[in-house]
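Notes for the one structure printed next.
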Amino acid sequence: MNKTIMRIRKNHLLLFAIPVLVWACQPEKKSEPVSYMNDPHSFSNPEQVSVRHLDWEAFIDFDSKVISATATFDLTFHSKADTLILDTRGLNISGVVSGEEQVPVLLGSSHPIFGQSLSIPVNPDHPTVSIRYETSPDAGALQWLTAAQTAGKSHPFLFTQSQAILARTWIPLQDAPQVRFTYSARVKTSNGLRVLMSASNPDQPDSSGFWSFRMNQPIPSYLMALAAGNLEFRPIDHRSGVYAEPEVIESASREFSDTGKMITAAESLYGPYLWDRYDILVLPPSFPFGGMENPRLTFATPTILAGDKSLVALVAHELAHSWSGNLVTNAVWDDFWLNEGFTVYFEGRIMEAVYGRDFAVMEQTLSFNGLKETISELGPDHPDTRLKLDLAGRDPDEGVSDIAYEKGANFLRVCEREAGRERWDAFLKDYFTTHAFTSVTTEQFLDFFNRKLIAGDTALAGRIDAETWIYKPGIPQNAVVYQSEKLMEVDKQVAGWASGTPSNKLNTASWTTPEWLYFLRQLPHDQRNSRMAELDKAFGFSRSGNSEILAEWLGHSIDVGYEPAKPVLEAFLMKVGRRKFLKPLYEKLASTPEGLEWALKVYSKARPGYHFVSVNTIDGILKFTP
Ligand code: BES
Ligand code: ZN
């Protein structure tokens, strides 16, 4: 790690409003990491004193939708600090103990996105603090599901989603990805349901009903995760398995049976898997993401259970985060592409190793087309089309777009193309090993890249042009463009269909999911309802058990004004809370006055069943005020 003695500190009196930067030269301290960037999304002061270990004891009350907990922290002092500053949002704090003394609860003023600072007087002679608190029933990270929202319909369910800055809505902590800590936890529920965390998970509770957890590898706060529900476990192999409701466990374990192969492929690319176990928890359909890389326990949407493993790239993706993201973490959210761009690149390599190059290239072609669309919507000069973002003062959720993911991955593919796979893979492995269990800024990456990959090869540097990729908007000239023969075949069928070939005469027999998605995306928009009905009759899109294909069909139906799709669309919007599907569907609906009116009607019924993350986005699209 490139160590610097310059540190950036925040003036916490001014809170988030104008982060006044005070530069101070300080000698290097023994404790790691030596330097912290200013993080505009956290009030915390890790450069002075940081949390090293969290011990969490919690009671989950499903009746009141409240978690009552005590969070006890071990601290590391980096300077003569007398105050520890934590992030909180909406927590009801009843007591704080520092060392052995009860101290006052000192909360800063409240910001709707960033929450409130909690300042705790601390003493290096007694480097622990303990906070007793309750979460609020509308805590942003938590989703409390009724029994009706689950597969089994008989037990409620709770899950968390902490990334990017929602961990502070259920635990007071230094909610900044630069701060790593280990944790232990003891958790009990009001109704005896099984509890899981992003940690070692026990088979059973202890005699008093508490489930015990340990995460021995230091992790950033956004990887804190918890779920409770009627959950069963099914092993896949010696180090991986699936947790799901009993109604889903069978299909989930069949769908994910290649997980062991994926882990082996990933290890042979970029080094050993350092988190011991890799399990997958299948959540109810309101989970707002496809997947979340919670360490040791990926959280996944059930919408990837297509029955034919065709959507398991998501597992490859979340698994890849065990290196890019969880092992080597973006220092601040402006560096988000270091998490996601690297992960999409790595995901593609795992997919290629396990399912072959043709399939991987089709997926990459579809994603690259999506990137081009995103850039043309934002405009090629938009600052948010740069890899290195500037999210100060904004919700870091605004940085979640194809840019970090697909532009980031394309940049790495350019590096691979120009350096050659062997040299590039050796570099990436070195990057992960050298920076394991630390956070990295874009500039630290670039420095390592220049020293280790470029190493004086100015021709290579010129061919890659990393600075343009990272700091300039749009898609650079030297991007990797894709040629998928399989998709060119699909183009021919689309052309045939557009010129009148009946759907059931198209040559689709060997198609897999990417081909179907590509087909639906290429269809002309000026078609009559009768042709839509004929398409659906031939291919059964509206009954598809493949959520990607169904969502694509529903989106296309909105585009062409195909009214008969409305009941299926409504059912989909009522059931699925995955933002990636909801966002384009509501956007398309909102583009006409009648569509918007219909969308608002459905949304007002569906909204209580969505997670905060999705609600936050869809409220904005529909300009909905509750
Ligand atoms: N870490 C992300 C999800 C995330 C990003 C949550 C930013 C909150 C803020 C996860 O790894 C992810 O990228 N999920 C994708 C998966 C897909 C790209 C395979 C998703 O949910 O669609
Ligand atoms: Zn990801």
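Residue numbers start at 1 in each chain; chains themselves are named A, B, ... in the order of the structure tokens; ligands are numbered from 1 in the order shown.
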DSSP-assigned helix (DSSP H, G or I) among segment 334-416 of chain A, expressed as a PDB file with N, CA, C and O atoms, in the first residue's frame:
```pdb
ATOM      1  N   ASP A 334     -16.592   7.175  -4.215  1.00  0.00           N
ATOM      2  CA  ASP A 334     -16.130   7.690  -5.503  1.00  0.00           C
ATOM      3  C   ASP A 334     -15.294   6.645  -6.257  1.00  0.00           C
ATOM      4  O   ASP A 334     -15.123   6.737  -7.470  1.00  0.00           O
ATOM      5  N   ASP A 335     -14.747   5.698  -5.522  1.00  0.00           N
ATOM      6  CA  ASP A 335     -13.904   4.653  -6.122  1.00  0.00           C
ATOM      7  C   ASP A 335     -14.679   3.355  -6.370  1.00  0.00           C
ATOM      8  O   ASP A 335     -14.086   2.285  -6.541  1.00  0.00           O
ATOM      9  N   PHE A 336     -16.011   3.472  -6.390  1.00  0.00           N
ATOM     10  CA  PHE A 336     -16.910   2.315  -6.511  1.00  0.00           C
ATOM     11  C   PHE A 336     -16.549   1.394  -7.691  1.00  0.00           C
ATOM     12  O   PHE A 336     -16.728   0.182  -7.626  1.00  0.00           O
ATOM     13  N   TRP A 337     -16.015   1.977  -8.761  1.00  0.00           N
ATOM     14  CA  TRP A 337     -15.663   1.141  -9.933  1.00  0.00           C
ATOM     15  C   TRP A 337     -14.596   0.110  -9.573  1.00  0.00           C
ATOM     16  O   TRP A 337     -14.538  -0.945 -10.183  1.00  0.00           O
ATOM     17  N   LEU A 338     -13.775   0.411  -8.555  1.00  0.00           N
ATOM     18  CA  LEU A 338     -12.768  -0.579  -8.133  1.00  0.00           C
ATOM     19  C   LEU A 338     -13.462  -1.823  -7.583  1.00  0.00           C
ATOM     20  O   LEU A 338     -12.936  -2.931  -7.676  1.00  0.00           O
ATOM     21  N   ASN A 339     -14.630  -1.666  -6.986  1.00  0.00           N
ATOM     22  CA  ASN A 339     -15.408  -2.834  -6.563  1.00  0.00           C
ATOM     23  C   ASN A 339     -16.115  -3.482  -7.750  1.00  0.00           C
ATOM     24  O   ASN A 339     -15.965  -4.663  -8.019  1.00  0.00           O
ATOM     25  N   GLU A 340     -16.917  -2.697  -8.449  1.00  0.00           N
ATOM     26  CA  GLU A 340     -17.837  -3.310  -9.412  1.00  0.00           C
ATOM     27  C   GLU A 340     -17.216  -3.585 -10.778  1.00  0.00           C
ATOM     28  O   GLU A 340     -17.511  -4.611 -11.390  1.00  0.00           O
ATOM     29  N   GLY A 341     -16.384  -2.674 -11.275  1.00  0.00           N
ATOM     30  CA  GLY A 341     -15.762  -2.904 -12.580  1.00  0.00           C
ATOM     31  C   GLY A 341     -14.874  -4.141 -12.536  1.00  0.00           C
ATOM     32  O   GLY A 341     -14.928  -4.999 -13.423  1.00  0.00           O
ATOM     33  N   PHE A 342     -14.071  -4.240 -11.461  1.00  0.00           N
ATOM     34  CA  PHE A 342     -13.206  -5.409 -11.309  1.00  0.00           C
ATOM     35  C   PHE A 342     -14.042  -6.680 -11.181  1.00  0.00           C
ATOM     36  O   PHE A 342     -13.685  -7.739 -11.690  1.00  0.00           O
ATOM     37  N   THR A 343     -15.164  -6.553 -10.478  1.00  0.00           N
ATOM     38  CA  THR A 343     -15.996  -7.732 -10.243  1.00  0.00           C
ATOM     39  C   THR A 343     -16.670  -8.205 -11.527  1.00  0.00           C
ATOM     40  O   THR A 343     -16.741  -9.407 -11.788  1.00  0.00           O
ATOM     41  N   VAL A 344     -17.155  -7.265 -12.341  1.00  0.00           N
ATOM     42  CA  VAL A 344     -17.781  -7.674 -13.606  1.00  0.00           C
ATOM     43  C   VAL A 344     -16.730  -8.334 -14.508  1.00  0.00           C
ATOM     44  O   VAL A 344     -16.998  -9.352 -15.157  1.00  0.00           O
ATOM     45  N   TYR A 345     -15.523  -7.762 -14.517  1.00  0.00           N
ATOM     46  CA  TYR A 345     -14.446  -8.369 -15.303  1.00  0.00           C
ATOM     47  C   TYR A 345     -14.183  -9.804 -14.824  1.00  0.00           C
ATOM     48  O   TYR A 345     -14.152 -10.758 -15.612  1.00  0.00           O
ATOM     49  N   PHE A 346     -14.031  -9.943 -13.522  1.00  0.00           N
ATOM     50  CA  PHE A 346     -13.712 -11.235 -12.906  1.00  0.00           C
ATOM     51  C   PHE A 346     -14.871 -12.225 -13.125  1.00  0.00           C
ATOM     52  O   PHE A 346     -14.673 -13.396 -13.466  1.00  0.00           O
ATOM     53  N   GLU A 347     -16.091 -11.737 -12.977  1.00  0.00           N
ATOM     54  CA  GLU A 347     -17.292 -12.556 -13.239  1.00  0.00           C
ATOM     55  C   GLU A 347     -17.220 -13.155 -14.646  1.00  0.00           C
ATOM     56  O   GLU A 347     -17.462 -14.351 -14.850  1.00  0.00           O
ATOM     57  N   GLY A 348     -16.843 -12.319 -15.625  1.00  0.00           N
ATOM     58  CA  GLY A 348     -16.759 -12.782 -17.016  1.00  0.00           C
ATOM     59  C   GLY A 348     -15.718 -13.886 -17.166  1.00  0.00           C
ATOM     60  O   GLY A 348     -15.931 -14.852 -17.910  1.00  0.00           O
ATOM     61  N   ARG A 349     -14.621 -13.748 -16.411  1.00  0.00           N
ATOM     62  CA  ARG A 349     -13.571 -14.762 -16.494  1.00  0.00           C
ATOM     63  C   ARG A 349     -14.025 -16.081 -15.868  1.00  0.00           C
ATOM     64  O   ARG A 349     -13.698 -17.154 -16.354  1.00  0.00           O
ATOM     65  N   ILE A 350     -14.783 -15.975 -14.770  1.00  0.00           N
ATOM     66  CA  ILE A 350     -15.308 -17.202 -14.146  1.00  0.00           C
ATOM     67  C   ILE A 350     -16.310 -17.867 -15.095  1.00  0.00           C
ATOM     68  O   ILE A 350     -16.267 -19.080 -15.329  1.00  0.00           O
ATOM     69  N   MET A 351     -17.187 -17.068 -15.682  1.00  0.00           N
ATOM     70  CA  MET A 351     -18.197 -17.613 -16.604  1.00  0.00           C
ATOM     71  C   MET A 351     -17.530 -18.284 -17.797  1.00  0.00           C
ATOM     72  O   MET A 351     -17.952 -19.346 -18.245  1.00  0.00           O
ATOM     73  N   GLU A 352     -16.502 -17.639 -18.297  1.00  0.00           N
ATOM     74  CA  GLU A 352     -15.774 -18.217 -19.439  1.00  0.00           C
ATOM     75  C   GLU A 352     -15.165 -19.563 -19.046  1.00  0.00           C
ATOM     76  O   GLU A 352     -15.252 -20.536 -19.802  1.00  0.00           O
ATOM     77  N   ALA A 353     -14.565 -19.614 -17.842  1.00  0.00           N
ATOM     78  CA  ALA A 353     -13.912 -20.851 -17.407  1.00  0.00           C
ATOM     79  C   ALA A 353     -14.936 -21.969 -17.200  1.00  0.00           C
ATOM     80  O   ALA A 353     -14.678 -23.124 -17.517  1.00  0.00           O
ATOM     81  N   VAL A 354     -16.107 -21.639 -16.659  1.00  0.00           N
ATOM     82  CA  VAL A 354     -17.068 -22.699 -16.323  1.00  0.00           C
ATOM     83  C   VAL A 354     -18.034 -23.004 -17.472  1.00  0.00           C
ATOM     84  O   VAL A 354     -18.409 -24.152 -17.678  1.00  0.00           O
ATOM     85  N   TYR A 355     -18.453 -21.966 -18.214  1.00  0.00           N
ATOM     86  CA  TYR A 355     -19.505 -22.188 -19.237  1.00  0.00           C
ATOM     87  C   TYR A 355     -19.039 -21.927 -20.677  1.00  0.00           C
ATOM     88  O   TYR A 355     -19.839 -22.021 -21.607  1.00  0.00           O
ATOM     89  N   ARG A 357     -16.495 -19.671 -23.701  1.00  0.00           N
ATOM     90  CA  ARG A 357     -16.309 -18.304 -24.163  1.00  0.00           C
ATOM     91  C   ARG A 357     -17.546 -17.742 -24.892  1.00  0.00           C
ATOM     92  O   ARG A 357     -17.883 -16.578 -24.722  1.00  0.00           O
ATOM     93  N   ASP A 358     -18.214 -18.571 -25.664  1.00  0.00           N
ATOM     94  CA  ASP A 358     -19.369 -18.079 -26.427  1.00  0.00           C
ATOM     95  C   ASP A 358     -20.417 -17.454 -25.515  1.00  0.00           C
ATOM     96  O   ASP A 358     -20.938 -16.375 -25.776  1.00  0.00           O
ATOM     97  N   PHE A 359     -20.719 -18.182 -24.436  1.00  0.00           N
ATOM     98  CA  PHE A 359     -21.749 -17.709 -23.510  1.00  0.00           C
ATOM     99  C   PHE A 359     -21.291 -16.408 -22.847  1.00  0.00           C
ATOM    100  O   PHE A 359     -22.033 -15.424 -22.775  1.00  0.00           O
ATOM    101  N   ALA A 360     -20.025 -16.389 -22.392  1.00  0.00           N
ATOM    102  CA  ALA A 360     -19.504 -15.194 -21.723  1.00  0.00           C
ATOM    103  C   ALA A 360     -19.535 -13.990 -22.668  1.00  0.00           C
ATOM    104  O   ALA A 360     -19.920 -12.884 -22.265  1.00  0.00           O
ATOM    105  N   VAL A 361     -19.172 -14.205 -23.941  1.00  0.00           N
ATOM    106  CA  VAL A 361     -19.133 -13.085 -24.890  1.00  0.00           C
ATOM    107  C   VAL A 361     -20.546 -12.566 -25.185  1.00  0.00           C
ATOM    108  O   VAL A 361     -20.760 -11.369 -25.323  1.00  0.00           O
ATOM    109  N   MET A 362     -21.516 -13.477 -25.222  1.00  0.00           N
ATOM    110  CA  MET A 362     -22.894 -12.994 -25.424  1.00  0.00           C
ATOM    111  C   MET A 362     -23.307 -12.092 -24.264  1.00  0.00           C
ATOM    112  O   MET A 362     -23.874 -11.017 -24.458  1.00  0.00           O
ATOM    113  N   GLU A 363     -23.017 -12.521 -23.051  1.00  0.00           N
ATOM    114  CA  GLU A 363     -23.388 -11.702 -21.886  1.00  0.00           C
ATOM    115  C   GLU A 363     -22.690 -10.346 -21.939  1.00  0.00           C
ATOM    116  O   GLU A 363     -23.275  -9.308 -21.635  1.00  0.00           O
ATOM    117  N   GLN A 364     -21.415 -10.355 -22.351  1.00  0.00           N
ATOM    118  CA  GLN A 364     -20.671  -9.097 -22.401  1.00  0.00           C
ATOM    119  C   GLN A 364     -21.196  -8.169 -23.496  1.00  0.00           C
ATOM    120  O   GLN A 364     -21.219  -6.950 -23.331  1.00  0.00           O
ATOM    121  N   THR A 365     -21.634  -8.761 -24.592  1.00  0.00           N
ATOM    122  CA  THR A 365     -22.187  -7.937 -25.672  1.00  0.00           C
ATOM    123  C   THR A 365     -23.465  -7.241 -25.193  1.00  0.00           C
ATOM    124  O   THR A 365     -23.650  -6.039 -25.413  1.00  0.00           O
ATOM    125  N   LEU A 366     -24.327  -7.998 -24.535  1.00  0.00           N
ATOM    126  CA  LEU A 366     -25.567  -7.394 -24.034  1.00  0.00           C
ATOM    127  C   LEU A 366     -25.250  -6.274 -23.051  1.00  0.00           C
ATOM    128  O   LEU A 366     -25.848  -5.195 -23.089  1.00  0.00           O
ATOM    129  N   SER A 367     -24.307  -6.516 -22.152  1.00  0.00           N
ATOM    130  CA  SER A 367     -23.972  -5.500 -21.152  1.00  0.00           C
ATOM    131  C   SER A 367     -23.363  -4.265 -21.808  1.00  0.00           C
ATOM    132  O   SER A 367     -23.627  -3.138 -21.392  1.00  0.00           O
ATOM    133  N   PHE A 368     -22.527  -4.483 -22.815  1.00  0.00           N
ATOM    134  CA  PHE A 368     -21.897  -3.335 -23.482  1.00  0.00           C
ATOM    135  C   PHE A 368     -22.955  -2.498 -24.195  1.00  0.00           C
ATOM    136  O   PHE A 368     -22.902  -1.265 -24.184  1.00  0.00           O
ATOM    137  N   ASN A 369     -23.946  -3.159 -24.786  1.00  0.00           N
ATOM    138  CA  ASN A 369     -25.046  -2.409 -25.405  1.00  0.00           C
ATOM    139  C   ASN A 369     -25.776  -1.571 -24.355  1.00  0.00           C
ATOM    140  O   ASN A 369     -26.157  -0.429 -24.611  1.00  0.00           O
ATOM    141  N   GLY A 370     -25.938  -2.155 -23.164  1.00  0.00           N
ATOM    142  CA  GLY A 370     -26.578  -1.416 -22.065  1.00  0.00           C
ATOM    143  C   GLY A 370     -25.762  -0.196 -21.675  1.00  0.00           C
ATOM    144  O   GLY A 370     -26.302   0.889 -21.429  1.00  0.00           O
ATOM    145  N   LEU A 371     -24.438  -0.366 -21.651  1.00  0.00           N
ATOM    146  CA  LEU A 371     -23.558   0.761 -21.316  1.00  0.00           C
ATOM    147  C   LEU A 371     -23.704   1.887 -22.332  1.00  0.00           C
ATOM    148  O   LEU A 371     -23.820   3.063 -21.982  1.00  0.00           O
ATOM    149  N   LYS A 372     -23.722   1.514 -23.611  1.00  0.00           N
ATOM    150  CA  LYS A 372     -23.855   2.543 -24.652  1.00  0.00           C
ATOM    151  C   LYS A 372     -25.166   3.305 -24.476  1.00  0.00           C
ATOM    152  O   LYS A 372     -25.202   4.530 -24.625  1.00  0.00           O
ATOM    153  N   GLU A 373     -26.214   2.584 -24.117  1.00  0.00           N
ATOM    154  CA  GLU A 373     -27.510   3.245 -23.890  1.00  0.00           C
ATOM    155  C   GLU A 373     -27.440   4.201 -22.701  1.00  0.00           C
ATOM    156  O   GLU A 373     -27.909   5.332 -22.779  1.00  0.00           O
ATOM    157  N   THR A 374     -26.841   3.727 -21.605  1.00  0.00           N
ATOM    158  CA  THR A 374     -26.729   4.582 -20.415  1.00  0.00           C
ATOM    159  C   THR A 374     -25.982   5.865 -20.761  1.00  0.00           C
ATOM    160  O   THR A 374     -26.392   6.961 -20.365  1.00  0.00           O
ATOM    161  N   ILE A 375     -24.886   5.726 -21.522  1.00  0.00           N
ATOM    162  CA  ILE A 375     -24.090   6.912 -21.842  1.00  0.00           C
ATOM    163  C   ILE A 375     -24.865   7.830 -22.771  1.00  0.00           C
ATOM    164  O   ILE A 375     -24.827   9.052 -22.614  1.00  0.00           O
ATOM    165  N   SER A 376     -25.636   7.248 -23.688  1.00  0.00           N
ATOM    166  CA  SER A 376     -26.362   8.177 -24.564  1.00  0.00           C
ATOM    167  C   SER A 376     -27.508   8.855 -23.806  1.00  0.00           C
ATOM    168  O   SER A 376     -27.844  10.000 -24.087  1.00  0.00           O
ATOM    169  N   GLU A 377     -28.071   8.170 -22.785  1.00  0.00           N
ATOM    170  CA  GLU A 377     -29.092   8.844 -21.972  1.00  0.00           C
ATOM    171  C   GLU A 377     -28.494   9.970 -21.137  1.00  0.00           C
ATOM    172  O   GLU A 377     -29.053  11.063 -21.044  1.00  0.00           O
ATOM    173  N   LEU A 378     -27.345   9.708 -20.520  1.00  0.00           N
ATOM    174  CA  LEU A 378     -26.721  10.739 -19.671  1.00  0.00           C
ATOM    175  C   LEU A 378     -26.067  11.844 -20.497  1.00  0.00           C
ATOM    176  O   LEU A 378     -25.948  12.974 -20.042  1.00  0.00           O
ATOM    177  N   PRO A 383     -20.439  14.213 -16.209  1.00  0.00           N
ATOM    178  CA  PRO A 383     -19.383  13.840 -15.250  1.00  0.00           C
ATOM    179  C   PRO A 383     -19.605  12.467 -14.606  1.00  0.00           C
ATOM    180  O   PRO A 383     -18.640  11.792 -14.243  1.00  0.00           O
ATOM    181  N   ASP A 384     -20.861  12.028 -14.505  1.00  0.00           N
ATOM    182  CA  ASP A 384     -21.107  10.715 -13.898  1.00  0.00           C
ATOM    183  C   ASP A 384     -20.779   9.560 -14.840  1.00  0.00           C
ATOM    184  O   ASP A 384     -20.965   8.393 -14.479  1.00  0.00           O
ATOM    185  N   THR A 385     -20.291   9.879 -16.054  1.00  0.00           N
ATOM    186  CA  THR A 385     -19.824   8.797 -16.926  1.00  0.00           C
ATOM    187  C   THR A 385     -18.314   8.577 -16.783  1.00  0.00           C
ATOM    188  O   THR A 385     -17.727   7.815 -17.539  1.00  0.00           O
ATOM    189  N   PRO A 396     -24.582   8.060  -2.119  1.00  0.00           N
ATOM    190  CA  PRO A 396     -23.683   7.229  -2.931  1.00  0.00           C
ATOM    191  C   PRO A 396     -24.431   6.240  -3.826  1.00  0.00           C
ATOM    192  O   PRO A 396     -23.873   5.737  -4.801  1.00  0.00           O
ATOM    193  N   ASP A 397     -25.684   5.987  -3.514  1.00  0.00           N
ATOM    194  CA  ASP A 397     -26.513   5.141  -4.367  1.00  0.00           C
ATOM    195  C   ASP A 397     -26.589   5.701  -5.792  1.00  0.00           C
ATOM    196  O   ASP A 397     -26.814   4.962  -6.746  1.00  0.00           O
ATOM    197  N   GLU A 398     -26.379   7.014  -5.936  1.00  0.00           N
ATOM    198  CA  GLU A 398     -26.404   7.614  -7.274  1.00  0.00           C
ATOM    199  C   GLU A 398     -25.234   7.150  -8.136  1.00  0.00           C
ATOM    200  O   GLU A 398     -25.235   7.330  -9.347  1.00  0.00           O
ATOM    201  N   GLY A 399     -24.228   6.572  -7.499  1.00  0.00           N
ATOM    202  CA  GLY A 399     -23.079   6.077  -8.266  1.00  0.00           C
ATOM    203  C   GLY A 399     -23.313   4.679  -8.833  1.00  0.00           C
ATOM    204  O   GLY A 399     -22.472   4.156  -9.559  1.00  0.00           O
ATOM    205  N   ASP A 402     -24.345   1.584 -14.852  1.00  0.00           N
ATOM    206  CA  ASP A 402     -23.514   0.802 -15.770  1.00  0.00           C
ATOM    207  C   ASP A 402     -22.088   1.321 -15.874  1.00  0.00           C
ATOM    208  O   ASP A 402     -21.211   0.607 -16.341  1.00  0.00           O
ATOM    209  N   ILE A 403     -21.880   2.570 -15.496  1.00  0.00           N
ATOM    210  CA  ILE A 403     -20.530   3.129 -15.659  1.00  0.00           C
ATOM    211  C   ILE A 403     -19.526   2.350 -14.815  1.00  0.00           C
ATOM    212  O   ILE A 403     -18.551   1.807 -15.334  1.00  0.00           O
ATOM    213  N   ALA A 404     -19.772   2.314 -13.497  1.00  0.00           N
ATOM    214  CA  ALA A 404     -18.842   1.581 -12.630  1.00  0.00           C
ATOM    215  C   ALA A 404     -18.724   0.126 -13.087  1.00  0.00           C
ATOM    216  O   ALA A 404     -17.627  -0.431 -13.145  1.00  0.00           O
ATOM    217  N   TYR A 405     -19.841  -0.475 -13.435  1.00  0.00           N
ATOM    218  CA  TYR A 405     -19.860  -1.895 -13.779  1.00  0.00           C
ATOM    219  C   TYR A 405     -19.248  -2.162 -15.149  1.00  0.00           C
ATOM    220  O   TYR A 405     -18.264  -2.875 -15.281  1.00  0.00           O
ATOM    221  N   GLU A 406     -19.875  -1.600 -16.167  1.00  0.00           N
ATOM    222  CA  GLU A 406     -19.533  -2.024 -17.527  1.00  0.00           C
ATOM    223  C   GLU A 406     -18.399  -1.211 -18.141  1.00  0.00           C
ATOM    224  O   GLU A 406     -17.570  -1.761 -18.858  1.00  0.00           O
ATOM    225  N   LYS A 407     -18.354   0.094 -17.868  1.00  0.00           N
ATOM    226  CA  LYS A 407     -17.202   0.851 -18.353  1.00  0.00           C
ATOM    227  C   LYS A 407     -15.961   0.369 -17.594  1.00  0.00           C
ATOM    228  O   LYS A 407     -14.889   0.175 -18.170  1.00  0.00           O
ATOM    229  N   GLY A 408     -16.146   0.140 -16.281  1.00  0.00           N
ATOM    230  CA  GLY A 408     -15.036  -0.373 -15.471  1.00  0.00           C
ATOM    231  C   GLY A 408     -14.514  -1.688 -16.032  1.00  0.00           C
ATOM    232  O   GLY A 408     -13.312  -1.865 -16.225  1.00  0.00           O
ATOM    233  N   ALA A 409     -15.423  -2.620 -16.315  1.00  0.00           N
ATOM    234  CA  ALA A 409     -15.005  -3.929 -16.820  1.00  0.00           C
ATOM    235  C   ALA A 409     -14.357  -3.797 -18.199  1.00  0.00           C
ATOM    236  O   ALA A 409     -13.370  -4.468 -18.507  1.00  0.00           O
ATOM    237  N   ASN A 410     -14.908  -2.904 -19.025  1.00  0.00           N
ATOM    238  CA  ASN A 410     -14.344  -2.758 -20.369  1.00  0.00           C
ATOM    239  C   ASN A 410     -12.907  -2.234 -20.291  1.00  0.00           C
ATOM    240  O   ASN A 410     -12.025  -2.682 -21.028  1.00  0.00           O
ATOM    241  N   PHE A 411     -12.674  -1.307 -19.361  1.00  0.00           N
ATOM    242  CA  PHE A 411     -11.304  -0.807 -19.167  1.00  0.00           C
ATOM    243  C   PHE A 411     -10.357  -1.968 -18.850  1.00  0.00           C
ATOM    244  O   PHE A 411      -9.268  -2.075 -19.428  1.00  0.00           O
ATOM    245  N   LEU A 412     -10.780  -2.861 -17.967  1.00  0.00           N
ATOM    246  CA  LEU A 412      -9.902  -3.982 -17.620  1.00  0.00           C
ATOM    247  C   LEU A 412      -9.716  -4.931 -18.808  1.00  0.00           C
ATOM    248  O   LEU A 412      -8.655  -5.521 -18.974  1.00  0.00           O
ATOM    249  N   ARG A 413     -10.749  -5.026 -19.650  1.00  0.00           N
ATOM    250  CA  ARG A 413     -10.595  -5.879 -20.844  1.00  0.00           C
ATOM    251  C   ARG A 413      -9.621  -5.245 -21.837  1.00  0.00           C
ATOM    252  O   ARG A 413      -8.895  -5.949 -22.540  1.00  0.00           O
ATOM    253  N   VAL A 414      -9.599  -3.912 -21.874  1.00  0.00           N
ATOM    254  CA  VAL A 414      -8.601  -3.233 -22.707  1.00  0.00           C
ATOM    255  C   VAL A 414      -7.204  -3.553 -22.164  1.00  0.00           C
ATOM    256  O   VAL A 414      -6.288  -3.881 -22.926  1.00  0.00           O
ATOM    257  N   CYS A 415      -7.050  -3.493 -20.844  1.00  0.00           N
ATOM    258  CA  CYS A 415      -5.745  -3.823 -20.239  1.00  0.00           C
ATOM    259  C   CYS A 415      -5.346  -5.250 -20.605  1.00  0.00           C
ATOM    260  O   CYS A 415      -4.200  -5.505 -20.981  1.00  0.00           O
ATOM    261  N   GLU A 416      -6.310  -6.170 -20.512  1.00  0.00           N
ATOM    262  CA  GLU A 416      -6.007  -7.565 -20.843  1.00  0.00           C
ATOM    263  C   GLU A 416      -5.577  -7.695 -22.305  1.00  0.00           C
ATOM    264  O   GLU A 416      -4.568  -8.323 -22.623  1.00  0.00           O
TER     265      GLU A 416
END
```
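Considering only C-alpha atoms and all ligand atoms, the residues that reside within 7 Å of ligand 1 can be listed as Gln163, Ala164, Phe289, Gly290, Gly291, Met292, Glu293, Ala313, Leu314, His317, Glu318, His321, Glu340, Val344, Asp397, Val400 and Lys580 of chain A.
As for atom CA of Phe287 of chain A and atom CA of Ser557 of chain A, they are spaced 24.6 Å apart.
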*asked:* When you look at Pro284 of chain A with a cut-off of 12 Å (counting only C-alpha atoms), what residues show up, excluding the ones that are within fewer than 5 positions of it in the same chain? I need them as a VMD selection string.
replied: chain A and resid 143 to 153 155 to 159 227 to 231 243 to 245 247 to 248 289 to 290 299 to 305 575 to 578 609 to 611
*Name the residues in contact with Pro177 of chain A at a cut-off of 9 Å, using only C-alpha atoms, excluding same-chain residues fewer than 3 positions from it; report them as a PyMOL selection string.*
chain A and resi 39+164+174+180+219-222+329-333+439
*segment 170-172 of chain A surroundings by only C-alpha atoms, 7 Å radius, close-in-sequence under 4 positions cut, as a PyMOL selection string*: chain A and resi 86-88+135+139+141
*With a distance cut-off of 10 Å and only C-alpha atoms, select the neighbouring residues of segment 69-71 of chain A, excluding the residue or stretch itself and same-chain residues fewer than 4 positions from it, and output the selection as a ChimeraX atom specification.*
/A:54-60,93-96,129-135,170-173,185-187
Write a file of the just-selected residues containing C-alpha atoms, as a short mmCIF file (atom, residue, chain, number, x, y, z; two decimals), in the first residue's frame.
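Output contents, as saved in out.cif:
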```cif
data_model
loop_
_atom_site.label_atom_id
_atom_site.label_comp_id
_atom_site.auth_asym_id
_atom_site.auth_seq_id
_atom_site.Cartn_x
_atom_site.Cartn_y
_atom_site.Cartn_z
CA LEU A 54 -17.58 -5.18 17.24
CA ASP A 55 -19.40 -7.38 19.68
CA TRP A 56 -23.13 -7.24 18.93
CA GLU A 57 -25.90 -8.64 21.08
CA ALA A 58 -29.38 -8.26 19.66
CA PHE A 59 -33.02 -9.17 20.07
CA ILE A 60 -35.20 -9.11 16.95
CA ILE A 93 -30.01 5.37 21.67
CA SER A 94 -30.70 4.77 25.33
CA GLY A 95 -27.22 4.66 26.83
CA VAL A 96 -23.53 4.93 26.05
CA VAL A 129 -17.35 1.78 24.17
CA SER A 130 -20.76 0.22 24.47
CA ILE A 131 -23.98 1.57 22.97
CA ARG A 132 -27.45 0.40 23.90
CA TYR A 133 -30.06 1.23 21.25
CA GLU A 134 -33.11 0.29 19.26
CA THR A 135 -33.67 0.51 15.52
CA TRP A 170 -29.24 -0.74 12.24
CA ILE A 171 -25.84 -0.47 13.96
CA PRO A 172 -24.05 2.67 15.13
CA LEU A 173 -20.61 2.36 13.53
CA ALA A 185 -22.61 -11.48 17.57
CA ARG A 186 -25.36 -13.15 19.57
CA VAL A 187 -28.86 -12.79 18.21
#
```
